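For reference, entry.cif (mmCIF, C-alpha atoms and all ligand atoms):
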```cif
data_coords
#
loop_
_atom_site.label_atom_id
_atom_site.label_comp_id
_atom_site.auth_asym_id
_atom_site.auth_seq_id
_atom_site.Cartn_x
_atom_site.Cartn_y
_atom_site.Cartn_z
CA MET W 1 10.55 9.53 -16.34
CA ARG W 2 8.59 9.00 -13.14
CA ASP W 3 10.11 8.02 -9.83
CA TYR W 4 8.78 4.44 -9.70
CA LYS W 5 8.67 2.49 -6.45
CA ILE W 6 7.99 -1.17 -5.68
CA ALA W 7 6.09 -1.83 -2.47
CA PRO W 8 5.98 -5.56 -1.56
CA SER W 9 2.87 -6.44 0.42
CA ILE W 10 4.02 -8.47 3.41
CA LEU W 11 0.58 -10.09 3.55
CA SER W 12 2.05 -12.84 1.37
CA ALA W 13 5.34 -13.12 3.30
CA ASP W 14 6.18 -15.94 5.71
CA PHE W 15 4.97 -14.42 9.00
CA ALA W 16 7.04 -16.83 11.06
CA ARG W 17 10.16 -15.23 9.55
CA LEU W 18 8.86 -11.72 8.88
CA GLY W 19 12.00 -9.75 9.82
CA GLU W 20 14.19 -11.81 7.46
CA GLU W 21 11.59 -11.67 4.71
CA VAL W 22 11.43 -7.88 4.83
CA THR W 23 15.22 -7.57 4.99
CA SER W 24 15.59 -9.87 1.95
CA VAL W 25 12.99 -8.14 -0.15
CA LEU W 26 14.47 -4.69 0.56
CA ALA W 27 17.98 -5.98 -0.20
CA SER W 28 16.68 -7.21 -3.55
CA GLY W 29 15.79 -3.63 -4.55
CA ALA W 30 12.26 -3.08 -3.25
CA ASP W 31 11.60 0.44 -1.99
CA ILE W 32 8.64 0.52 0.40
CA VAL W 33 7.14 -2.01 2.85
CA HIS W 34 3.38 -2.30 2.23
CA PHE W 35 1.73 -3.24 5.52
CA ASP W 36 -1.86 -4.53 5.23
CA VAL W 37 -3.98 -4.07 8.35
CA MET W 38 -7.32 -5.93 8.37
CA ASP W 39 -9.83 -5.96 11.21
CA ASN W 40 -12.38 -8.70 10.37
CA HIS W 41 -15.02 -5.98 10.28
CA TYR W 42 -14.32 -3.61 7.39
CA VAL W 43 -12.87 -6.59 5.51
CA PRO W 44 -13.39 -10.31 6.18
CA ASN W 45 -9.84 -11.06 7.30
CA LEU W 46 -7.64 -10.34 10.31
CA THR W 47 -3.95 -9.50 10.10
CA ILE W 48 -1.41 -7.39 11.97
CA GLY W 49 -1.28 -4.24 14.09
CA PRO W 50 1.12 -1.59 15.44
CA LEU W 51 3.14 -4.11 17.49
CA VAL W 52 4.32 -5.80 14.32
CA CYS W 53 5.19 -2.46 12.71
CA GLU W 54 7.24 -1.54 15.78
CA ALA W 55 8.93 -4.95 15.70
CA LEU W 56 10.05 -4.35 12.10
CA ARG W 57 11.57 -1.01 13.11
CA LYS W 58 13.35 -2.70 16.01
CA HIS W 59 14.60 -5.34 13.59
CA GLY W 60 16.38 -2.50 11.74
CA VAL W 61 13.98 -1.80 8.86
CA LYS W 62 14.75 1.75 7.69
CA ALA W 63 12.64 1.85 4.51
CA ASP W 64 9.33 3.65 4.37
CA ILE W 65 6.48 1.62 5.85
CA ASP W 66 3.19 2.16 4.03
CA VAL W 67 0.38 1.20 6.41
CA HIS W 68 -2.81 0.36 4.51
CA LEU W 69 -5.67 0.45 7.02
CA MET W 70 -8.58 -1.79 6.07
CA VAL W 71 -10.28 -1.06 9.37
CA LYS W 72 -13.32 0.79 10.62
CA PRO W 73 -13.21 3.13 12.48
CA VAL W 74 -9.70 4.37 11.67
CA ASP W 75 -9.09 7.27 14.08
CA ARG W 76 -8.34 5.23 17.20
CA ILE W 77 -5.52 3.30 15.57
CA ILE W 78 -3.81 6.12 13.63
CA PRO W 79 -1.68 7.56 16.50
CA ASP W 80 -0.63 4.03 17.50
CA PHE W 81 0.71 3.33 14.03
CA ALA W 82 2.49 6.68 13.97
CA LYS W 83 4.23 5.79 17.25
CA ALA W 84 5.06 2.35 15.87
CA GLY W 85 7.06 3.87 13.01
CA ALA W 86 4.66 4.12 10.06
CA THR W 87 5.73 6.47 7.26
CA TYR W 88 2.48 6.56 5.29
CA ILE W 89 -0.94 5.83 6.73
CA THR W 90 -3.73 5.33 4.20
CA PHE W 91 -7.37 4.50 4.87
CA HIS W 92 -10.62 3.97 2.97
CA PRO W 93 -13.26 6.76 2.95
CA GLU W 94 -15.76 4.14 4.21
CA GLY W 95 -13.60 3.67 7.32
CA THR W 96 -14.31 7.08 8.84
CA GLU W 97 -17.24 9.43 9.33
CA HIS W 98 -14.95 12.44 8.80
CA ILE W 99 -12.47 12.02 5.97
CA ASP W 100 -10.89 15.46 6.24
CA ARG W 101 -10.44 15.13 9.99
CA SER W 102 -8.87 11.67 9.75
CA LEU W 103 -6.42 12.84 7.06
CA GLN W 104 -5.47 15.74 9.31
CA LEU W 105 -5.04 13.33 12.22
CA VAL W 106 -2.54 11.29 10.17
CA ARG W 107 -0.53 14.42 9.41
CA ASP W 108 -0.76 15.73 12.97
CA SER W 109 0.58 12.37 14.13
CA GLY W 110 3.67 12.97 11.97
CA CYS W 111 2.91 10.66 9.04
CA LYS W 112 2.16 11.08 5.36
CA SER W 113 -1.50 10.60 4.56
CA GLY W 114 -3.45 8.82 1.87
CA LEU W 115 -6.93 7.80 0.75
CA VAL W 116 -7.73 4.36 -0.67
CA PHE W 117 -10.43 3.68 -3.26
CA ASN W 118 -12.01 0.26 -3.76
CA PRO W 119 -12.61 -0.86 -7.35
CA ALA W 120 -16.19 0.49 -7.42
CA THR W 121 -15.69 3.52 -5.16
CA PRO W 122 -15.65 6.76 -7.19
CA LEU W 123 -12.83 9.29 -6.75
CA ASP W 124 -15.34 12.04 -5.89
CA HIS W 125 -14.08 12.75 -2.37
CA LEU W 126 -10.62 13.50 -3.65
CA LYS W 127 -11.22 16.92 -5.14
CA TYR W 128 -12.00 18.35 -1.71
CA VAL W 129 -8.90 16.97 -0.01
CA MET W 130 -6.15 17.04 -2.65
CA ASP W 131 -4.10 19.32 -0.42
CA LYS W 132 -4.37 16.85 2.47
CA VAL W 133 -3.14 13.69 0.71
CA ASP W 134 0.42 12.58 0.00
CA MET W 135 -0.69 9.34 -1.61
CA ILE W 136 -3.70 8.03 -3.52
CA LEU W 137 -4.08 4.26 -3.42
CA LEU W 138 -6.32 2.58 -5.97
CA MET W 139 -7.41 -0.96 -5.20
CA SER W 140 -7.36 -3.16 -8.28
CA VAL W 141 -8.94 -6.05 -6.31
CA ASN W 142 -11.56 -6.04 -3.59
CA PRO W 143 -9.67 -5.67 -0.32
CA GLY W 144 -9.22 -8.56 2.10
CA PHE W 145 -6.95 -11.11 0.45
CA GLY W 146 -3.79 -11.47 -1.58
CA GLY W 147 -3.60 -13.50 -4.76
CA GLN W 148 -6.67 -12.12 -6.58
CA SER W 149 -6.82 -11.09 -10.25
CA PHE W 150 -6.28 -7.50 -11.40
CA ILE W 151 -9.58 -5.70 -12.19
CA ARG W 152 -9.03 -3.96 -15.51
CA SER W 153 -11.37 -1.00 -14.95
CA SER W 154 -8.65 0.22 -12.55
CA LEU W 155 -6.63 1.32 -15.57
CA ASP W 156 -9.19 4.00 -16.48
CA LYS W 157 -9.37 5.03 -12.86
CA LEU W 158 -5.59 5.38 -12.74
CA ARG W 159 -5.73 7.69 -15.77
CA GLU W 160 -8.41 9.77 -14.02
CA ALA W 161 -6.39 9.99 -10.78
CA ARG W 162 -3.20 10.83 -12.69
CA LYS W 163 -4.97 13.79 -14.34
CA MET W 164 -6.13 15.05 -10.95
CA ILE W 165 -2.63 14.76 -9.50
CA ASP W 166 -1.02 16.52 -12.47
CA ALA W 167 -3.61 19.31 -12.27
CA SER W 168 -2.92 19.74 -8.55
CA GLY W 169 0.80 20.25 -9.14
CA ARG W 170 1.47 18.45 -5.85
CA PRO W 171 3.91 15.54 -5.46
CA ILE W 172 1.22 12.97 -4.63
CA ARG W 173 2.16 9.31 -5.10
CA LEU W 174 -0.26 7.16 -7.11
CA GLU W 175 -0.20 3.63 -5.78
CA ILE W 176 -1.95 0.56 -7.18
CA ASP W 177 -2.72 -2.51 -5.08
CA GLY W 178 -3.93 -5.94 -6.15
CA GLY W 179 -3.02 -8.42 -8.86
CA VAL W 180 0.15 -6.60 -9.92
CA LYS W 181 2.51 -9.01 -11.72
CA VAL W 182 5.63 -8.83 -13.86
CA ASP W 183 3.50 -9.20 -17.00
CA ASN W 184 1.03 -6.35 -16.32
CA ILE W 185 3.14 -3.79 -14.45
CA ARG W 186 4.17 -1.94 -17.62
CA GLU W 187 0.56 -1.36 -18.69
CA ILE W 188 -0.27 -0.20 -15.15
CA ALA W 189 2.66 2.25 -15.17
CA GLU W 190 1.53 3.60 -18.55
CA ALA W 191 -1.91 4.29 -17.06
CA GLY W 192 -0.25 6.55 -14.49
CA ALA W 193 0.76 4.57 -11.39
CA ASP W 194 4.16 5.27 -9.84
CA THR W 195 4.01 3.00 -6.78
CA PHE W 196 3.28 -0.71 -7.21
CA VAL W 197 2.12 -3.00 -4.42
CA ALA W 198 2.83 -6.66 -5.17
CA GLY W 199 2.28 -9.45 -2.67
CA SER W 200 1.86 -12.93 -4.12
CA ALA W 201 3.90 -12.10 -7.24
CA ILE W 202 6.96 -11.36 -5.10
CA PHE W 203 6.65 -13.62 -2.07
CA SER W 204 5.88 -16.77 -4.06
CA ALA W 205 9.20 -16.45 -5.91
CA GLY W 206 12.29 -18.58 -5.40
CA LYS W 207 13.17 -21.13 -2.76
CA ALA W 208 12.22 -20.81 0.94
CA GLY W 209 15.17 -19.76 3.08
CA ASP W 210 17.26 -18.38 0.18
CA PRO W 211 18.11 -14.75 1.11
CA ASN W 212 18.37 -13.85 -2.61
CA ARG W 213 15.10 -15.44 -3.62
CA TYR W 214 13.35 -12.16 -4.44
CA ASN W 215 16.12 -10.61 -6.56
CA SER W 216 14.92 -11.64 -9.99
CA VAL W 217 11.23 -10.87 -9.53
CA VAL W 218 11.85 -7.42 -7.99
CA LYS W 219 14.33 -6.57 -10.75
CA ALA W 220 11.88 -7.69 -13.44
CA MET W 221 9.25 -5.25 -12.11
C1 LIG A 1 -5.49 -6.81 -0.41
C2 LIG A 1 -4.25 -6.08 0.03
C3 LIG A 1 -3.11 -6.22 -0.90
C4 LIG A 1 -2.66 -7.63 -1.20
C5 LIG A 1 -2.10 -7.64 -2.60
O1 LIG A 1 -6.55 -6.40 0.38
O2 LIG A 1 -4.49 -4.70 0.22
O3 LIG A 1 -2.02 -5.41 -0.49
O4 LIG A 1 -1.72 -8.13 -0.32
O5 LIG A 1 -1.77 -8.93 -2.90
P1 LIG A 1 -1.50 -9.42 -4.40
O6 LIG A 1 -0.34 -8.65 -4.92
O7 LIG A 1 -1.21 -10.87 -4.21
O8 LIG A 1 -2.76 -9.16 -5.17
ZN ZN A 2 -2.79 -3.29 0.59
#
```

Output the structure of this file as structure tokens.
Ligand code: DX5
Ligand code: ZN
Amino acid sequence: MRDYKIAPSILSADFARLGEEVTSVLASGADIVHFDVMDNHYVPNLTIGPLVCEALRKHGVKADIDVHLMVKPVDRIIPDFAKAGATYITFHPEGTEHIDRSLQLVRDSGCKSGLVFNPATPLDHLKYVMDKVDMILLMSVNPGFGGQSFIRSSLDKLREARKMIDASGRPIRLEIDGGVKVDNIREIAEAGADTFVAGSAIFSAGKAGDPNRYNSVVKAM
């Protein structure tokens, strides 16, 4: 049995009450905070930066924070996120000229590193850097927005990535991001994922202001 983890994407949380939202979702059983960083350049949307990550740590968030960089270039911002309390920092190969160097920079900054693959980006780069990644993140939507539908070709890609991880013998997490819901998470797990990002599926649940509103959806995942 794999060590499965649920990583709520705070992109769909109520940003005016972010600290409480994160506290509630972790109290309901979620494992990792998925933190989507968008720069209005690599993707057509603009979100949050290291200040907000630091604010969550100051608010008392102890769980792993999984910073998903949808920015270009990535190197400048990596040390800032490390200082702000990131646990994982993942980026897209298209976001850097030097993938190996940027992965090393994440590790040298004291964080766990990961590469992110868009739905139509092949896994080719991976075989050269398997020893430098702690996480592989497969996008099952095109990055930029929450609430999109799961792209089914990601299931084959998950199987491919799972084989590579098993062959490496390293404890690399296999994360899936986009369109993950209660009714497809089982199929996604069977394809090989062990870490599940879910934004709209979790944060649209229950009644605003209820601290227990996320309990049933997180438990159902
Ligand atoms: C999209 C982000 C996702 C997004 C997922 O670019 O990387 O993390 O928030 O949202 P849902 O779960 O609603 O597809
Ligand atoms: Zn994400």

At a cut-off of 7 Å and counting only C-alpha atoms and all ligand atoms, what residues surround ligand LIG 1 (chain A)? Please answer as an mmCIF file with C-alpha atoms, keeping the file's coordinate frame.
```cif
data_model
loop_
_atom_site.group_PDB
_atom_site.id
_atom_site.type_symbol
_atom_site.label_atom_id
_atom_site.label_comp_id
_atom_site.auth_asym_id
_atom_site.auth_seq_id
_atom_site.Cartn_x
_atom_site.Cartn_y
_atom_site.Cartn_z
ATOM 1 C CA SER W 9 2.870 -6.440 0.420
ATOM 2 C CA ILE W 10 4.020 -8.470 3.410
ATOM 3 C CA LEU W 11 0.580 -10.090 3.550
ATOM 4 C CA SER W 12 2.050 -12.840 1.370
ATOM 5 C CA HIS W 34 3.380 -2.300 2.230
ATOM 6 C CA ASP W 36 -1.860 -4.530 5.230
ATOM 7 C CA HIS W 68 -2.810 0.360 4.510
ATOM 8 C CA VAL W 141 -8.940 -6.050 -6.310
ATOM 9 C CA ASN W 142 -11.560 -6.040 -3.590
ATOM 10 C CA PRO W 143 -9.670 -5.670 -0.320
ATOM 11 C CA GLY W 144 -9.220 -8.560 2.100
ATOM 12 C CA PHE W 145 -6.950 -11.110 0.450
ATOM 13 C CA GLY W 146 -3.790 -11.470 -1.580
ATOM 14 C CA GLY W 147 -3.600 -13.500 -4.760
ATOM 15 C CA GLN W 148 -6.670 -12.120 -6.580
ATOM 16 C CA SER W 149 -6.820 -11.090 -10.250
ATOM 17 C CA ASP W 177 -2.720 -2.510 -5.080
ATOM 18 C CA GLY W 178 -3.930 -5.940 -6.150
ATOM 19 C CA GLY W 179 -3.020 -8.420 -8.860
ATOM 20 C CA VAL W 180 0.150 -6.600 -9.920
ATOM 21 C CA VAL W 197 2.120 -3.000 -4.420
ATOM 22 C CA ALA W 198 2.830 -6.660 -5.170
ATOM 23 C CA GLY W 199 2.280 -9.450 -2.670
ATOM 24 C CA SER W 200 1.860 -12.930 -4.120
ATOM 25 C CA ALA W 201 3.900 -12.100 -7.240
#
```

Open item on the list: So the first atom is atom CA of Val61 of chain W and the second is atom CA of Ser24 of chain W; what is the distance between them in Å, to one decimal place?
Closed with: 10.7 Å

List every protein, DNA or RNA residue that has an atom no more than 10 Å from (4.7, -7.6, -14.5) in the file's coordinate frame, counting all atoms listed in the file, and report them as an mmCIF file with C-alpha atoms, in the coordinates of the input.
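Saved file selection22.cif follows:
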```cif
data_model
loop_
_atom_site.group_PDB
_atom_site.id
_atom_site.type_symbol
_atom_site.label_atom_id
_atom_site.label_comp_id
_atom_site.auth_asym_id
_atom_site.auth_seq_id
_atom_site.Cartn_x
_atom_site.Cartn_y
_atom_site.Cartn_z
ATOM 1 C CA GLY W 179 -3.020 -8.420 -8.860
ATOM 2 C CA VAL W 180 0.150 -6.600 -9.920
ATOM 3 C CA LYS W 181 2.510 -9.010 -11.720
ATOM 4 C CA VAL W 182 5.630 -8.830 -13.860
ATOM 5 C CA ASP W 183 3.500 -9.200 -17.000
ATOM 6 C CA ASN W 184 1.030 -6.350 -16.320
ATOM 7 C CA ILE W 185 3.140 -3.790 -14.450
ATOM 8 C CA ARG W 186 4.170 -1.940 -17.620
ATOM 9 C CA GLU W 187 0.560 -1.360 -18.690
ATOM 10 C CA ILE W 188 -0.270 -0.200 -15.150
ATOM 11 C CA ALA W 198 2.830 -6.660 -5.170
ATOM 12 C CA ALA W 201 3.900 -12.100 -7.240
ATOM 13 C CA VAL W 217 11.230 -10.870 -9.530
ATOM 14 C CA VAL W 218 11.850 -7.420 -7.990
ATOM 15 C CA ALA W 220 11.880 -7.690 -13.440
ATOM 16 C CA MET W 221 9.250 -5.250 -12.110
#
```

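Here the question is which of W:Leu56, W:Met139, W:Val129, W:Leu18 gets nearest to ligand ZN 2 (chain A) using only C-alpha atoms and all ligand atoms, and that residue is W:Met139.
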
Quick one: everything within 10 Å of Lys127 of chain W, counting all atoms listed in the file, minus sequence neighbours fewer than 2 positions away in the same chain. Send it as a PDB file with C-alpha atoms, in the frame of the given file.
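For reference, around.pdb as written:
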```
ATOM      1  CA  LEU W 123     -12.830   9.290  -6.750  1.00  0.00           C
ATOM      2  CA  ASP W 124     -15.340  12.040  -5.890  1.00  0.00           C
ATOM      3  CA  HIS W 125     -14.080  12.750  -2.370  1.00  0.00           C
ATOM      4  CA  VAL W 129      -8.900  16.970  -0.010  1.00  0.00           C
ATOM      5  CA  MET W 130      -6.150  17.040  -2.650  1.00  0.00           C
ATOM      6  CA  ASP W 131      -4.100  19.320  -0.420  1.00  0.00           C
ATOM      7  CA  MET W 164      -6.130  15.050 -10.950  1.00  0.00           C
ATOM      8  CA  ILE W 165      -2.630  14.760  -9.500  1.00  0.00           C
ATOM      9  CA  SER W 168      -2.920  19.740  -8.550  1.00  0.00           C
TER      10      SER W 168
END
```

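Across the model, the gap from atom CA of Asp31 of chain W to atom CA of Ala7 of chain W is 6.0 Å.
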
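Between atom CA of Glu94 of chain W and atom CA of Val106 of chain W the separation is 16.2 Å.
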
Task: Contacts of Ile32 of chain W within 7 Å, all atoms listed in the file, excl. fewer than 4 positions in-chain, as a PyMOL selection string - done: chain W and resi 6-8+63-66

Open item on the list: Please list as a list in words every residue within 10 Å of Ser216 of chain W, counting all atoms listed in the file and excluding residues in the same chain fewer than 6 positions away.
Closed with: Ser28, Gly29, Ile202, Ala205 and Gly206 of chain W
